[in-house]
$ cat final18.pdb   # PDB, C-alpha atoms
ATOM      1  CA  MET A  11      13.105 -89.260  40.226
ATOM      2  CA  SER A  12      14.477 -87.484  43.264
ATOM      3  CA  HIS A  13      12.371 -85.105  45.296
ATOM      4  CA  ALA A  14      14.704 -82.159  44.451
ATOM      5  CA  ALA A  15      14.009 -82.575  40.723
ATOM      6  CA  ALA A  16      10.217 -82.575  41.208
ATOM      7  CA  ILE A  17       8.394 -79.699  39.559
ATOM      8  CA  ASP A  18       6.124 -77.539  41.677
ATOM      9  CA  PRO A  19       2.833 -77.608  39.718
ATOM     10  CA  PHE A  20       1.768 -74.196  41.055
ATOM     11  CA  ALA A  21       5.055 -72.584  40.027
ATOM     12  CA  GLU A  22       4.741 -74.184  36.589
ATOM     13  CA  ILE A  23       1.183 -72.842  36.212
ATOM     14  CA  GLU A  24       2.367 -69.330  37.146
ATOM     15  CA  ARG A  25       5.271 -69.592  34.697
ATOM     16  CA  LEU A  26       2.879 -70.660  31.930
ATOM     17  CA  ARG A  27       0.446 -67.848  32.801
ATOM     18  CA  ALA A  28       3.267 -65.309  32.553
ATOM     19  CA  GLU A  29       4.339 -66.789  29.213
ATOM     20  CA  VAL A  30       0.779 -66.637  27.858
ATOM     21  CA  GLU A  31       0.459 -62.997  28.991
ATOM     22  CA  ALA A  32       3.759 -62.094  27.300
ATOM     23  CA  LEU A  33       2.585 -63.755  24.072
ATOM     24  CA  ARG A  34      -0.782 -61.944  24.295
ATOM     25  CA  LEU A  35       0.995 -58.583  24.646
ATOM     26  CA  ARG A  36       3.251 -59.372  21.684
ATOM     27  CA  ALA A  37       0.217 -60.354  19.580
ATOM     28  CA  GLU A  38      -1.544 -57.082  20.513
ATOM     29  CA  ALA A  39       1.559 -55.090  19.574
ATOM     30  CA  ALA A  40       1.852 -56.913  16.241
ATOM     31  CA  GLU A  41      -1.832 -56.330  15.508
ATOM     32  CA  ALA A  42      -1.514 -52.611  16.287
ATOM     33  CA  ALA A  43       1.600 -52.362  14.109
ATOM     34  CA  ALA A  44      -0.257 -54.019  11.231
ATOM     35  CA  ASP A  45      -2.788 -51.148  11.211
ATOM     36  CA  HIS A  46      -0.399 -48.223  11.709
ATOM     37  CA  ASP A  47       1.841 -46.473   9.232
ATOM     38  CA  VAL A  48       5.514 -47.320   9.771
ATOM     39  CA  LEU A  49       6.593 -43.697   9.294
ATOM     40  CA  THR A  50       3.872 -41.373  10.552
ATOM     41  CA  PRO A  51       1.585 -41.250  13.609
ATOM     42  CA  ALA A  52      -1.375 -42.284  11.437
ATOM     43  CA  LEU A  53      -3.186 -45.442  10.482
ATOM     44  CA  ASN A  54      -1.962 -47.174   7.340
ATOM     45  CA  ARG A  55      -4.392 -47.834   4.495
ATOM     46  CA  ARG A  56      -5.424 -51.201   5.977
ATOM     47  CA  GLY A  57      -6.142 -49.670   9.388
ATOM     48  CA  PHE A  58      -7.932 -46.663   7.904
ATOM     49  CA  VAL A  59     -10.189 -48.836   5.739
ATOM     50  CA  ALA A  60     -10.998 -50.943   8.835
ATOM     51  CA  ALA A  61     -11.901 -47.742  10.731
ATOM     52  CA  MET A  62     -14.071 -46.686   7.789
ATOM     53  CA  LYS A  63     -15.908 -50.027   7.788
ATOM     54  CA  SER A  64     -16.674 -49.713  11.496
ATOM     55  CA  ALA A  65     -17.785 -46.095  11.099
ATOM     56  CA  MET A  66     -19.957 -46.932   8.093
ATOM     57  CA  ALA A  67     -21.741 -49.703   9.998
ATOM     58  CA  TYR A  68     -22.234 -47.404  12.990
ATOM     59  CA  CYS A  69     -23.518 -44.557  10.827
ATOM     60  CA  GLN A  70     -25.923 -46.855   8.989
ATOM     61  CA  ARG A  71     -27.252 -48.434  12.194
ATOM     62  CA  HIS A  72     -27.687 -45.176  14.148
ATOM     63  CA  ALA A  73     -28.361 -42.671  11.331
ATOM     64  CA  VAL A  74     -25.212 -40.722  12.250
ATOM     65  CA  PRO A  75     -23.585 -38.448   9.655
ATOM     66  CA  ALA A  76     -19.928 -38.797   8.691
ATOM     67  CA  VAL A  77     -17.624 -37.109   6.235
ATOM     68  CA  LEU A  78     -14.432 -38.234   4.526
ATOM     69  CA  LEU A  79     -11.628 -35.857   3.567
ATOM     70  CA  TYR A  80      -9.005 -36.955   1.055
ATOM     71  CA  LEU A  81      -5.767 -34.949   1.163
ATOM     72  CA  ASP A  82      -3.117 -34.922  -1.530
ATOM     73  CA  LEU A  83      -0.092 -32.827  -0.604
ATOM     74  CA  ASP A  84       0.921 -30.066  -2.979
ATOM     75  CA  GLY A  85       4.662 -29.511  -3.262
ATOM     76  CA  PHE A  86       5.720 -32.842  -1.772
ATOM     77  CA  LYS A  87       7.670 -34.000  -4.837
ATOM     78  CA  GLY A  88       9.614 -30.728  -4.713
ATOM     79  CA  VAL A  89      10.545 -31.360  -1.057
ATOM     80  CA  ASN A  90      11.847 -34.827  -1.937
ATOM     81  CA  ASP A  91      13.694 -33.615  -5.045
ATOM     82  CA  ARG A  92      15.160 -30.437  -3.532
ATOM     83  CA  LEU A  93      15.815 -31.466   0.077
ATOM     84  CA  GLY A  94      16.090 -35.270  -0.106
ATOM     85  CA  HIS A  95      14.099 -38.254   1.089
ATOM     86  CA  ALA A  96      14.866 -37.704   4.778
ATOM     87  CA  ALA A  97      13.198 -34.291   4.463
ATOM     88  CA  GLY A  98      10.290 -35.892   2.603
ATOM     89  CA  ASP A  99       9.811 -38.431   5.387
ATOM     90  CA  ALA A 100       9.955 -35.670   8.009
ATOM     91  CA  ALA A 101       7.416 -33.660   5.997
ATOM     92  CA  LEU A 102       4.982 -36.599   6.023
ATOM     93  CA  VAL A 103       5.369 -36.910   9.797
ATOM     94  CA  HIS A 104       4.794 -33.149  10.150
ATOM     95  CA  VAL A 105       1.585 -33.316   8.102
ATOM     96  CA  ALA A 106       0.237 -36.370   9.962
ATOM     97  CA  GLU A 107       0.918 -34.694  13.310
ATOM     98  CA  LEU A 108      -0.730 -31.485  12.105
ATOM     99  CA  MET A 109      -3.823 -33.395  10.955
ATOM    100  CA  ARG A 110      -4.100 -35.274  14.250
ATOM    101  CA  ALA A 111      -3.635 -32.083  16.280
ATOM    102  CA  ASN A 112      -6.479 -30.385  14.382
ATOM    103  CA  LEU A 113      -9.014 -33.206  14.591
ATOM    104  CA  ARG A 114     -11.087 -34.634  17.402
ATOM    105  CA  GLU A 115      -9.970 -37.724  19.309
ATOM    106  CA  SER A 116     -12.863 -39.656  17.725
ATOM    107  CA  ASP A 117     -11.717 -38.829  14.174
ATOM    108  CA  ALA A 118      -9.369 -41.086  12.227
ATOM    109  CA  VAL A 119      -6.305 -40.098  10.206
ATOM    110  CA  GLY A 120      -4.725 -42.510   7.765
ATOM    111  CA  ARG A 121      -1.819 -42.344   5.378
ATOM    112  CA  LEU A 122      -3.244 -43.931   2.276
ATOM    113  CA  GLY A 123       0.047 -44.076   0.414
ATOM    114  CA  GLY A 124       2.769 -41.734  -0.764
ATOM    115  CA  ASP A 125       1.659 -38.210   0.089
ATOM    116  CA  GLU A 126      -2.062 -38.943   0.385
ATOM    117  CA  PHE A 127      -4.016 -38.933   3.635
ATOM    118  CA  GLY A 128      -7.582 -39.762   4.598
ATOM    119  CA  LEU A 129      -9.470 -38.079   7.438
ATOM    120  CA  LEU A 130     -12.718 -39.551   8.730
ATOM    121  CA  MET A 131     -15.028 -37.438  10.880
ATOM    122  CA  LEU A 132     -18.086 -38.860  12.637
ATOM    123  CA  ASN A 133     -21.049 -36.702  13.609
ATOM    124  CA  ALA A 134     -20.116 -34.277  10.848
ATOM    125  CA  GLY A 135     -21.698 -33.550   7.490
ATOM    126  CA  LEU A 136     -20.533 -32.047   4.223
ATOM    127  CA  ASP A 137     -20.491 -28.451   5.531
ATOM    128  CA  GLU A 138     -18.379 -29.404   8.559
ATOM    129  CA  GLY A 139     -16.083 -31.419   6.295
ATOM    130  CA  ARG A 140     -15.566 -28.510   3.902
ATOM    131  CA  ASP A 141     -14.974 -26.160   6.814
ATOM    132  CA  LYS A 142     -12.434 -28.581   8.317
ATOM    133  CA  ALA A 143     -10.683 -28.907   4.931
ATOM    134  CA  ARG A 144     -10.366 -25.089   4.737
ATOM    135  CA  LYS A 145      -8.999 -24.941   8.292
ATOM    136  CA  LEU A 146      -6.516 -27.763   7.657
ATOM    137  CA  ALA A 147      -5.313 -26.113   4.434
ATOM    138  CA  ALA A 148      -4.835 -22.875   6.409
ATOM    139  CA  ALA A 149      -2.974 -24.792   9.143
ATOM    140  CA  LEU A 150      -0.607 -26.220   6.508
ATOM    141  CA  GLU A 151       0.182 -22.651   5.446
ATOM    142  CA  ALA A 152       0.345 -21.226   8.982
ATOM    143  CA  GLU A 153       2.605 -24.008  10.285
ATOM    144  CA  PRO A 154       4.949 -24.664   7.347
ATOM    145  CA  PHE A 155       7.260 -27.645   7.328
ATOM    146  CA  MET A 156      10.784 -26.477   8.129
ATOM    147  CA  TRP A 157      13.911 -28.378   7.130
ATOM    148  CA  GLU A 158      17.298 -27.103   8.244
ATOM    149  CA  GLY A 159      15.900 -23.595   8.657
ATOM    150  CA  GLU A 160      14.145 -23.567   5.284
ATOM    151  CA  ALA A 161      10.349 -23.531   4.807
ATOM    152  CA  ALA A 162       9.428 -26.282   2.371
ATOM    153  CA  GLY A 163       6.185 -24.818   1.047
ATOM    154  CA  LEU A 164       3.761 -27.712   1.436
ATOM    155  CA  GLY A 165       0.096 -27.224   0.722
ATOM    156  CA  GLY A 166      -2.807 -29.549   0.306
ATOM    157  CA  SER A 167      -5.691 -30.279  -1.998
ATOM    158  CA  PHE A 168      -8.734 -31.746  -0.251
ATOM    159  CA  GLY A 169     -11.623 -33.752  -1.584
ATOM    160  CA  VAL A 170     -14.660 -33.954   0.706
ATOM    161  CA  ARG A 171     -17.458 -36.527   0.511
ATOM    162  CA  ALA A 172     -20.265 -37.130   2.982
ATOM    163  CA  PHE A 173     -21.403 -40.623   3.948
ATOM    164  CA  VAL A 174     -24.518 -41.446   1.932
ATOM    165  CA  GLY A 175     -25.064 -45.069   2.822
ATOM    166  CA  HIS A 176     -21.874 -46.355   1.184
ATOM    167  CA  THR A 177     -21.299 -50.065   1.690
ATOM    168  CA  ASP A 178     -17.782 -50.244   0.240
ATOM    169  CA  PRO A 179     -15.075 -48.044   1.797
ATOM    170  CA  GLU A 180     -13.034 -48.151  -1.427
ATOM    171  CA  VAL A 181     -15.931 -46.578  -3.354
ATOM    172  CA  TRP A 182     -16.214 -43.795  -0.760
ATOM    173  CA  LEU A 183     -12.438 -43.231  -0.917
ATOM    174  CA  ALA A 184     -12.538 -43.137  -4.728
ATOM    175  CA  GLU A 185     -15.300 -40.490  -4.627
ATOM    176  CA  ALA A 186     -13.305 -38.321  -2.205
ATOM    177  CA  ASP A 187     -10.167 -38.831  -4.316
ATOM    178  CA  ALA A 188     -12.054 -37.751  -7.451
ATOM    179  CA  ALA A 189     -13.355 -34.662  -5.629
ATOM    180  CA  MET A 190      -9.791 -33.835  -4.605
ATOM    181  CA  TRP A 191      -8.597 -34.036  -8.227
ATOM    182  CA  VAL A 192     -11.387 -31.696  -9.345
ATOM    183  CA  ARG A 193     -10.184 -29.129  -6.770
ATOM    184  CA  LYS A 194      -6.496 -29.682  -7.594
ATOM    185  CA  LYS A 195      -7.062 -29.148 -11.328
ATOM    186  CA  GLY A 196      -9.246 -26.107 -10.626
ATOM    187  CA  ARG A 197      -6.301 -24.227  -9.106
TER     188      ARG A 197
END
$ encode --input "final18.pdb" --output "structure tokens"
Amino acid sequence: MSHAAAIDPFAEIERLRAEVEALRLRAEAAEAAADHDVLTPALNRRGFVAAMKSAMAYCQRHAVPAVLLYLDLDGFKGVNDRLGHAAGDAALVHVAELMRANLRESDAVGRLGGDEFGLLMLNAGLDEGRDKARKLAAALEAEPFMWEGEAAGLGGSFGVRAFVGHTDPEVWLAEADAAMWVRKKGR
């Protein structure tokens, strides 16, 4: 083997380090994408449930209150039917952005599927959760979704459930979902 064809071991180590770093960044990006909704600036159900599990463990360990809000959009089917699916997608983005803008940085917002969202608030109890649900419902009215100059008339029904030592996030979600349906049917 000629001297010109010899590989510089230090250059090879640096090349491999750069390759490993690039792969690490790609893995981080893929992991983040796996937990985030493809359409909205919110966690997907998988990411939201993971955030709930972490919060539940933290709340249990440190006796910290938490509250879960379950939002089902009112009028979403009408937006899709009347204005089309592109408008429906834009409406979901609008709602997710509105939720995030009206919550604290430490709170989590997740799109649970279709037109349903979950909102998790730490260091907040049932009263704060109900108050936040009222304020978010008012924000949906005050900042209506507009599509091609037309207000789409979206509202929301909220179910609110405080953390009471739940060990299964799906049970807590189901309780908040049931509370939302009680409110929705009461209208």
$ closest_residue --input "final18.pdb" --among "A:Pro75, A:Gly169, A:Gly123, A:Gly128" --to "Met109 of chain A" --atoms "all atoms listed in the file"
A:Gly128
$ residues_around --input "final18.pdb" --residues "Leu146 of chain A" --least-positions-apart "3" --cutoff "8 Å" --atoms "all atoms listed in the file" --output "list of chain:residue names"
A:Met109, A:Asn112, A:Lys142, A:Ala143, A:Ala149, A:Leu150
$ residues_around --input "final18.pdb" --residues "segment 57-74 of chain A" --least-positions-apart "4" --cutoff "8 Å" --atoms "only C-alpha atoms" --output "list in words"
Ala44, Asp45, His46, Leu53, Ala118, Val119, Gly120, Arg121, Leu122, Gly128, Leu130, Leu132, Asn133, Phe173, Gly175, His176, Thr177, Asp178, Pro179 and Glu180 of chain A
$ residues_around --input "final18.pdb" --residues "Asp82 of chain A" --least-positions-apart "2" --cutoff "10 Å" --atoms "all atoms listed in the file" --output "VMD selection string"
chain A and resid 79 to 80 84 to 86 122 to 128 165 to 169 187 190 to 191 194
$ atom_distance --input "final18.pdb" --atom1 "atom CA of His95 of chain A" --atom2 "atom CA of Phe155 of chain A"
14.1 Å
$ atom_distance --input "final18.pdb" --atom1 "atom CA of Leu113 of chain A" --atom2 "atom CA of Leu83 of chain A"
17.6 Å
$ atom_distance --input "final18.pdb" --atom1 "atom CA of Val103 of chain A" --atom2 "atom CA of Pro51 of chain A"
6.9 Å
$ resolve_selection --input "final18.pdb" --expression "the PyMOL selection byres ((chain A and resi 77) around 6)" --output "PDB file with C-alpha atoms, in the frame of the given file"
ATOM      1  CA  ALA A  76     -19.928 -38.797   8.691  1.00  0.00           C
ATOM      2  CA  LEU A  78     -14.432 -38.234   4.526  1.00  0.00           C
ATOM      3  CA  MET A 131     -15.028 -37.438  10.880  1.00  0.00           C
ATOM      4  CA  ALA A 134     -20.116 -34.277  10.848  1.00  0.00           C
ATOM      5  CA  GLY A 135     -21.698 -33.550   7.490  1.00  0.00           C
ATOM      6  CA  GLY A 139     -16.083 -31.419   6.295  1.00  0.00           C
ATOM      7  CA  ARG A 171     -17.458 -36.527   0.511  1.00  0.00           C
ATOM      8  CA  ALA A 172     -20.265 -37.130   2.982  1.00  0.00           C
ATOM      9  CA  PHE A 173     -21.403 -40.623   3.948  1.00  0.00           C
TER      10      PHE A 173
END
$ closest_residue --input "final18.pdb" --among "A:Leu129, A:Ala184, A:Leu102, A:Ala52" --to "Lys87 of chain A" --atoms "all atoms listed in the file"
A:Leu102
